[in-house]
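Structure first, commentary second.
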Amino acid sequence: MSATITSSKAATNADPTVGEPAYLACNGVHKSFGTTTVVRGIDLSLTRGECVALLGPSGCGKSTLLNMIAGILEVDRGVISCDGVTMDDPKRGVRLPMQKRHFALVFQDFSLWPHMNVRDNVAFGLRMRGIRGSKRQERTDRALDRVQMGAYAKRYPAELSGGQQQRVAIARAMVVEPRVLLLDEPLSALDARLREELRDELSDLIRDLNMTTIFVTHDQTEALTMADRIAVMNEGVIEQIGSPQEIYTRPQTAYVAQFVGTSNLLEYETCDERVAIGGVQLAVNVSPRKPSGRCMVRREAIAVHRVHRDAPARVVDMSATNNGHVNIDAVCVQARYLGGTYDVTARDKAGVSWRGLAREPIRAGEAVSLTFSAEALCFLAR
Ligand SMILES: Nc1ncnc2c1ncn2[C@@H]1O[C@H](COP(=O)(O)OP(=O)(O)O)[C@@H](O)[C@H]1O
Ligand SMILES: [Mg+2]
């Protein structure tokens with residue numbers, strides 16, 4: 001369950017699915033509103049059953065892309081196809097109307113009809129398609145069962161919890177047996193606690209349904225927990241696409257590193273087959289592709305310990321590498337309790353600021369050592 005996706009802006013990950021045909025594909029898709037280009041040459045393809053998250057900050061073009069795929073918005077340039085059939089190709093005058101795509105779109109607010117009970121909400125799409133009688137009844141029951149809402153068929157939306165409403169919205173989307181499920185920020189309207197609960201539920205549901213799904217979110221945790229692959233968007237382009245693990249541990253750009261997780265971004269230079277990082281002339285035996293640039297280390301990869309004043313001098317140098325571990329002497333600037341651990345900001349003697357995690361309380365002004373594995377260093381393409 002994965003596929004090829006490329007971006008016009010950044011280098012992409014090696015294709016893990018050579019040979020697997022794309023089910024849904026966007027090629028060179030562009031969209032402008034007036035003189036502003038909002039989507040710039042997006043290439044994206046999903047295999048059947050795959051779930052891809054479009055992750056990025058507000059205004060980066062996620063909904064615009066989703067709405068073009070859904071057929072709500074017209075494509076300016078580029079091609080969108082599904083199951084080998086071209087749906088959009090303005091150059092050839094092709095544009096399949098929304099209702100002929102057989103895609104289902106679920107919005108942020110679920111958009112259930114308050115005056116209809118659960119069964120009627122779910123049956124609505126079938127009624128509109130002229131499906132009647134026992135056929136409609138059977139398909140409605142099946143959709144309700146798939147989301148485990150059969151027992152609530154007679155209730156009205158106002159009598160359901162947020163999670164149940166979401167299930168009904170998904171049953172209503174699924175009942176017409178769409179080829180692709182499109183979700184636009186399905187959890188954003190909820191408060192933090194409910195969102196977390198529903199995130200797990202929705203994630204299980206998407207997996208169970210085994211639907212080809214694209215969901216839009218600005219929330220990294222949602223993307224990391226729910227998607228097979230994440231496409232990180234920035235100003236209308238896909239910066240990087242890959243599995244959640246790839247995006248998290250091997251970001252290719254500073255933008256991706258900063259948008260997902262908390263990391264230290266540092267300048268590096270190579271000298272004499274070693275790499276100097278930050279202002280500390282830290283030397284590690286790894287070889288980046290470029291002679292100089294930026295690298296990153298995740299906050300949680302750096303262990304912060306208080307240096308006890310009566311302990312024997314630990315390192316002579318202010319920084320050192322041994323057994324693939326990097327040690328840096330620094331002074332705590334700030335520590336915040338996160339529950340269980342402390343988020344520590346510390347400055348080394350060259351004035352470079354680092355963020356790491358400590359298991360013990362540390363006060364500003366205290367001497368600390370920062371330790372991380374050289375393997376935790378990730379060199380960025382940009
Ligand atoms: N119908 C429209 N007319 C003009 N500008 C639009 C329209 N829809 C979206 N935009 C603009 O396009 C950009 C991307 O919007 P959108 O795709 O909704 O972003 P996202 O979903 O990532 O938050 C924003 O700057 C938004 O203001
Ligand atoms: Mg949006």
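Starting from 1 in every chain, residues are counted up; chains themselves are A, B, ... following the order of the structure tokens, and ligands are numbered from 1 as listed.
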Tell me which protein, DNA and RNA residues are within 7 Å of range 60-77 of chain A, counting only C-alpha atoms, leaving out same-chain ones fewer than 4 positions away, and put them as a PyMOL selection string. chain A and resi 29-31+38-39+54+56+88+90+97-98+103+184+216+233-236
For the residues selected in the previous step, produce a file with C-alpha atoms as a PDB file, in the first residue's frame.
```pdb
ATOM      1  CA  VAL A  29      -1.761  20.211 -11.604  1.00  0.00           C
ATOM      2  CA  HIS A  30      -1.963  24.014 -11.370  1.00  0.00           C
ATOM      3  CA  LYS A  31      -4.571  26.391 -10.003  1.00  0.00           C
ATOM      4  CA  VAL A  38      -2.241  28.575  -5.279  1.00  0.00           C
ATOM      5  CA  VAL A  39      -1.327  25.099  -6.555  1.00  0.00           C
ATOM      6  CA  LEU A  54      -1.946  16.448   2.702  1.00  0.00           C
ATOM      7  CA  GLY A  56       0.646  21.930   5.639  1.00  0.00           C
ATOM      8  CA  ASP A  88      -9.487  16.507 -15.838  1.00  0.00           C
ATOM      9  CA  PRO A  90      -8.146  21.137 -19.712  1.00  0.00           C
ATOM     10  CA  PRO A  97     -18.537  16.417 -13.574  1.00  0.00           C
ATOM     11  CA  MET A  98     -18.329  15.884  -9.840  1.00  0.00           C
ATOM     12  CA  PHE A 103     -15.840  10.304  -5.003  1.00  0.00           C
ATOM     13  CA  ASP A 184     -11.044  17.982   4.497  1.00  0.00           C
ATOM     14  CA  VAL A 216      -6.281  17.239   4.501  1.00  0.00           C
ATOM     15  CA  MET A 233       2.787  21.030   1.307  1.00  0.00           C
ATOM     16  CA  ASN A 234       4.329  24.486   1.210  1.00  0.00           C
ATOM     17  CA  GLU A 235       2.915  27.354  -0.843  1.00  0.00           C
ATOM     18  CA  GLY A 236       1.260  25.197  -3.456  1.00  0.00           C
TER      19      GLY A 236
END
```
Report the residues of range 40-212 of chain A whose backbone DSSP state falls under strand (DSSP E or B), written as a PyMOL selection string. chain A and resi 40-46+51-55+77-82+85-89+94-95+103-106+180-184+212
Extract, using only C-alpha atoms, all DNA, RNA and protein residues at most 9 Å from Ser369 in chain A, discarding same-chain residues fewer than 4 positions from it, and format them as a PDB file with N, CA and C atoms, in the first residue's frame.
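File written: around09.pdb
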```
ATOM      1  N   ALA A 303      19.812  14.133  24.777  1.00  0.00           N
ATOM      2  CA  ALA A 303      19.591  13.933  26.211  1.00  0.00           C
ATOM      3  C   ALA A 303      20.359  15.003  26.982  1.00  0.00           C
ATOM      4  N   VAL A 304      19.650  15.674  27.879  1.00  0.00           N
ATOM      5  CA  VAL A 304      20.282  16.747  28.657  1.00  0.00           C
ATOM      6  C   VAL A 304      20.479  16.260  30.090  1.00  0.00           C
ATOM      7  N   HIS A 305      21.687  16.411  30.601  1.00  0.00           N
ATOM      8  CA  HIS A 305      21.983  16.032  32.000  1.00  0.00           C
ATOM      9  C   HIS A 305      22.642  17.196  32.715  1.00  0.00           C
ATOM     10  N   ARG A 306      22.310  17.312  33.985  1.00  0.00           N
ATOM     11  CA  ARG A 306      22.982  18.327  34.788  1.00  0.00           C
ATOM     12  C   ARG A 306      24.424  17.859  35.025  1.00  0.00           C
ATOM     13  N   VAL A 307      25.360  18.788  34.961  1.00  0.00           N
ATOM     14  CA  VAL A 307      26.751  18.438  35.243  1.00  0.00           C
ATOM     15  C   VAL A 307      27.017  18.805  36.698  1.00  0.00           C
ATOM     16  N   ASN A 327      29.053  14.778  22.583  1.00  0.00           N
ATOM     17  CA  ASN A 327      28.833  15.435  23.873  1.00  0.00           C
ATOM     18  C   ASN A 327      29.137  16.918  23.741  1.00  0.00           C
ATOM     19  N   ILE A 328      28.246  17.730  24.235  1.00  0.00           N
ATOM     20  CA  ILE A 328      28.470  19.176  24.173  1.00  0.00           C
ATOM     21  C   ILE A 328      28.254  19.761  25.556  1.00  0.00           C
ATOM     22  N   ASP A 329      29.155  20.586  25.992  1.00  0.00           N
ATOM     23  CA  ASP A 329      28.960  21.288  27.261  1.00  0.00           C
ATOM     24  C   ASP A 329      28.194  22.568  26.991  1.00  0.00           C
ATOM     25  N   ALA A 330      27.217  22.830  27.840  1.00  0.00           N
ATOM     26  CA  ALA A 330      26.385  24.012  27.611  1.00  0.00           C
ATOM     27  C   ALA A 330      25.826  24.516  28.941  1.00  0.00           C
ATOM     28  N   VAL A 331      25.100  25.609  28.856  1.00  0.00           N
ATOM     29  CA  VAL A 331      24.461  26.183  30.046  1.00  0.00           C
ATOM     30  C   VAL A 331      22.964  26.296  29.774  1.00  0.00           C
TER      31      VAL A 331
END
```
For range 112-118 of chain A, find every residue with an atom within 7 Å (counting only C-alpha atoms), except residues of its own chain fewer than 5 positions away, and show them as a ChimeraX atom specification. /A:152-158,168-169
Can you pull out every residue within 12 Å of Tyr342 in chain A, counting only C-alpha atoms, but drop anything in the same chain fewer than 4 positions away, and send it as number ranges by chain? A: 299-300, 302-305, 332, 334-338, 355-363
Report the residues of range 170-375 of chain A whose backbone DSSP state falls under helix (DSSP H, G or I), written as a PyMOL selection string. chain A and resi 170-174+192-209+220-226+244-249+254-259+278-280+299-301+374-375
Non-local contacts of Arg250 in chain A (12 Å; only C-alpha atoms; under 6 positions in same chain excluded) as number ranges by chain: A: 12-13, 240-244, 256-257, 260-261, 263, 295-298, 375-381
File of the preceding selection, C-alpha atoms, as a compact mmCIF listing (two decimals), in the first residue's frame:
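Writing done, so here's selection_17.txt:
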```txt
# COMPACT_ATOMS: atom_id res chain seq x y z
CA THR A 12 11.56 12.85 -3.68
CA ASN A 13 12.08 9.60 -1.91
CA GLN A 240 8.32 16.00 0.45
CA ILE A 241 6.25 12.87 0.37
CA GLY A 242 6.98 9.69 2.24
CA SER A 243 5.94 7.37 5.02
CA PRO A 244 5.37 9.03 8.40
CA VAL A 256 9.66 19.83 6.63
CA ALA A 257 11.98 19.47 9.64
CA VAL A 260 6.86 18.16 11.71
CA GLY A 261 8.28 17.65 15.18
CA SER A 263 14.15 20.04 15.93
CA CYS A 295 21.41 19.70 9.26
CA MET A 296 18.98 18.85 11.99
CA VAL A 297 18.74 16.84 15.19
CA ARG A 298 15.38 16.14 16.79
CA GLU A 375 23.20 8.86 13.67
CA ALA A 376 20.54 11.28 14.82
CA LEU A 377 22.02 13.94 12.53
CA CYS A 378 20.09 14.45 9.35
CA PHE A 379 21.60 16.52 6.53
CA LEU A 380 19.08 18.58 4.60
CA ALA A 381 18.92 19.16 0.87
```
For ligand 2, which residue among A:Thr371, A:Thr217, A:Gln166, A:Ser292 is the nearest when counting only C-alpha atoms and all ligand atoms? A:Thr217
Neighbouring residues of Asn27 in chain A were defined as those with any atom within 7 Å, considering only C-alpha atoms; residues of the same chain fewer than 6 positions away were excluded. Please report them as a ChimeraX atom specification. /A:42-44,78-80
Out of A:Ile214, A:Arg167, A:Thr37, A:Ala192, which residue has the shortest atom-to-atom distance to Ala25 in chain A when counting only C-alpha atoms? A:Ile214
For ligand 2, the nearest of the candidates A:Leu55, A:Val122, A:Ala367, A:Asp343, counting only C-alpha atoms and all ligand atoms: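 Smallest separation from ligand 2 among the options: A:Leu55.
With distances restricted to only C-alpha atoms, A:Gln99 is the closest residue to Val176 in chain A from A:Ser134, A:Gln99, A:Gln148, A:Gln258.
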One-decimal distance in Å that lies between CA of Val175 in chain A and CA of Lys135 in chain A: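 Interatomic distance, CA of Lys135 in chain A to CA of Val175 in chain A: 11.5 Å.
Closest approach to ligand 2 among A:Ala123, A:Ile170, A:Leu183, A:Ala22: A:Leu183, based on only C-alpha atoms and all ligand atoms.
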Figure out the distance between CA of Gly324 in chain A and CA of Thr270 in chain A, please, to one decimal in Å. 17.1 Å
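Comparing the minimum interatomic distances between ligand 2 and each of A:Glu239, A:Glu159, A:Glu185, A:Asp204, counting only C-alpha atoms and all ligand atoms, we find that A:Glu185 sits nearest.
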How many Å lie between CA of Gln164 in chain A and CA of Val147 in chain A, rounded to one decimal? 9.0 Å
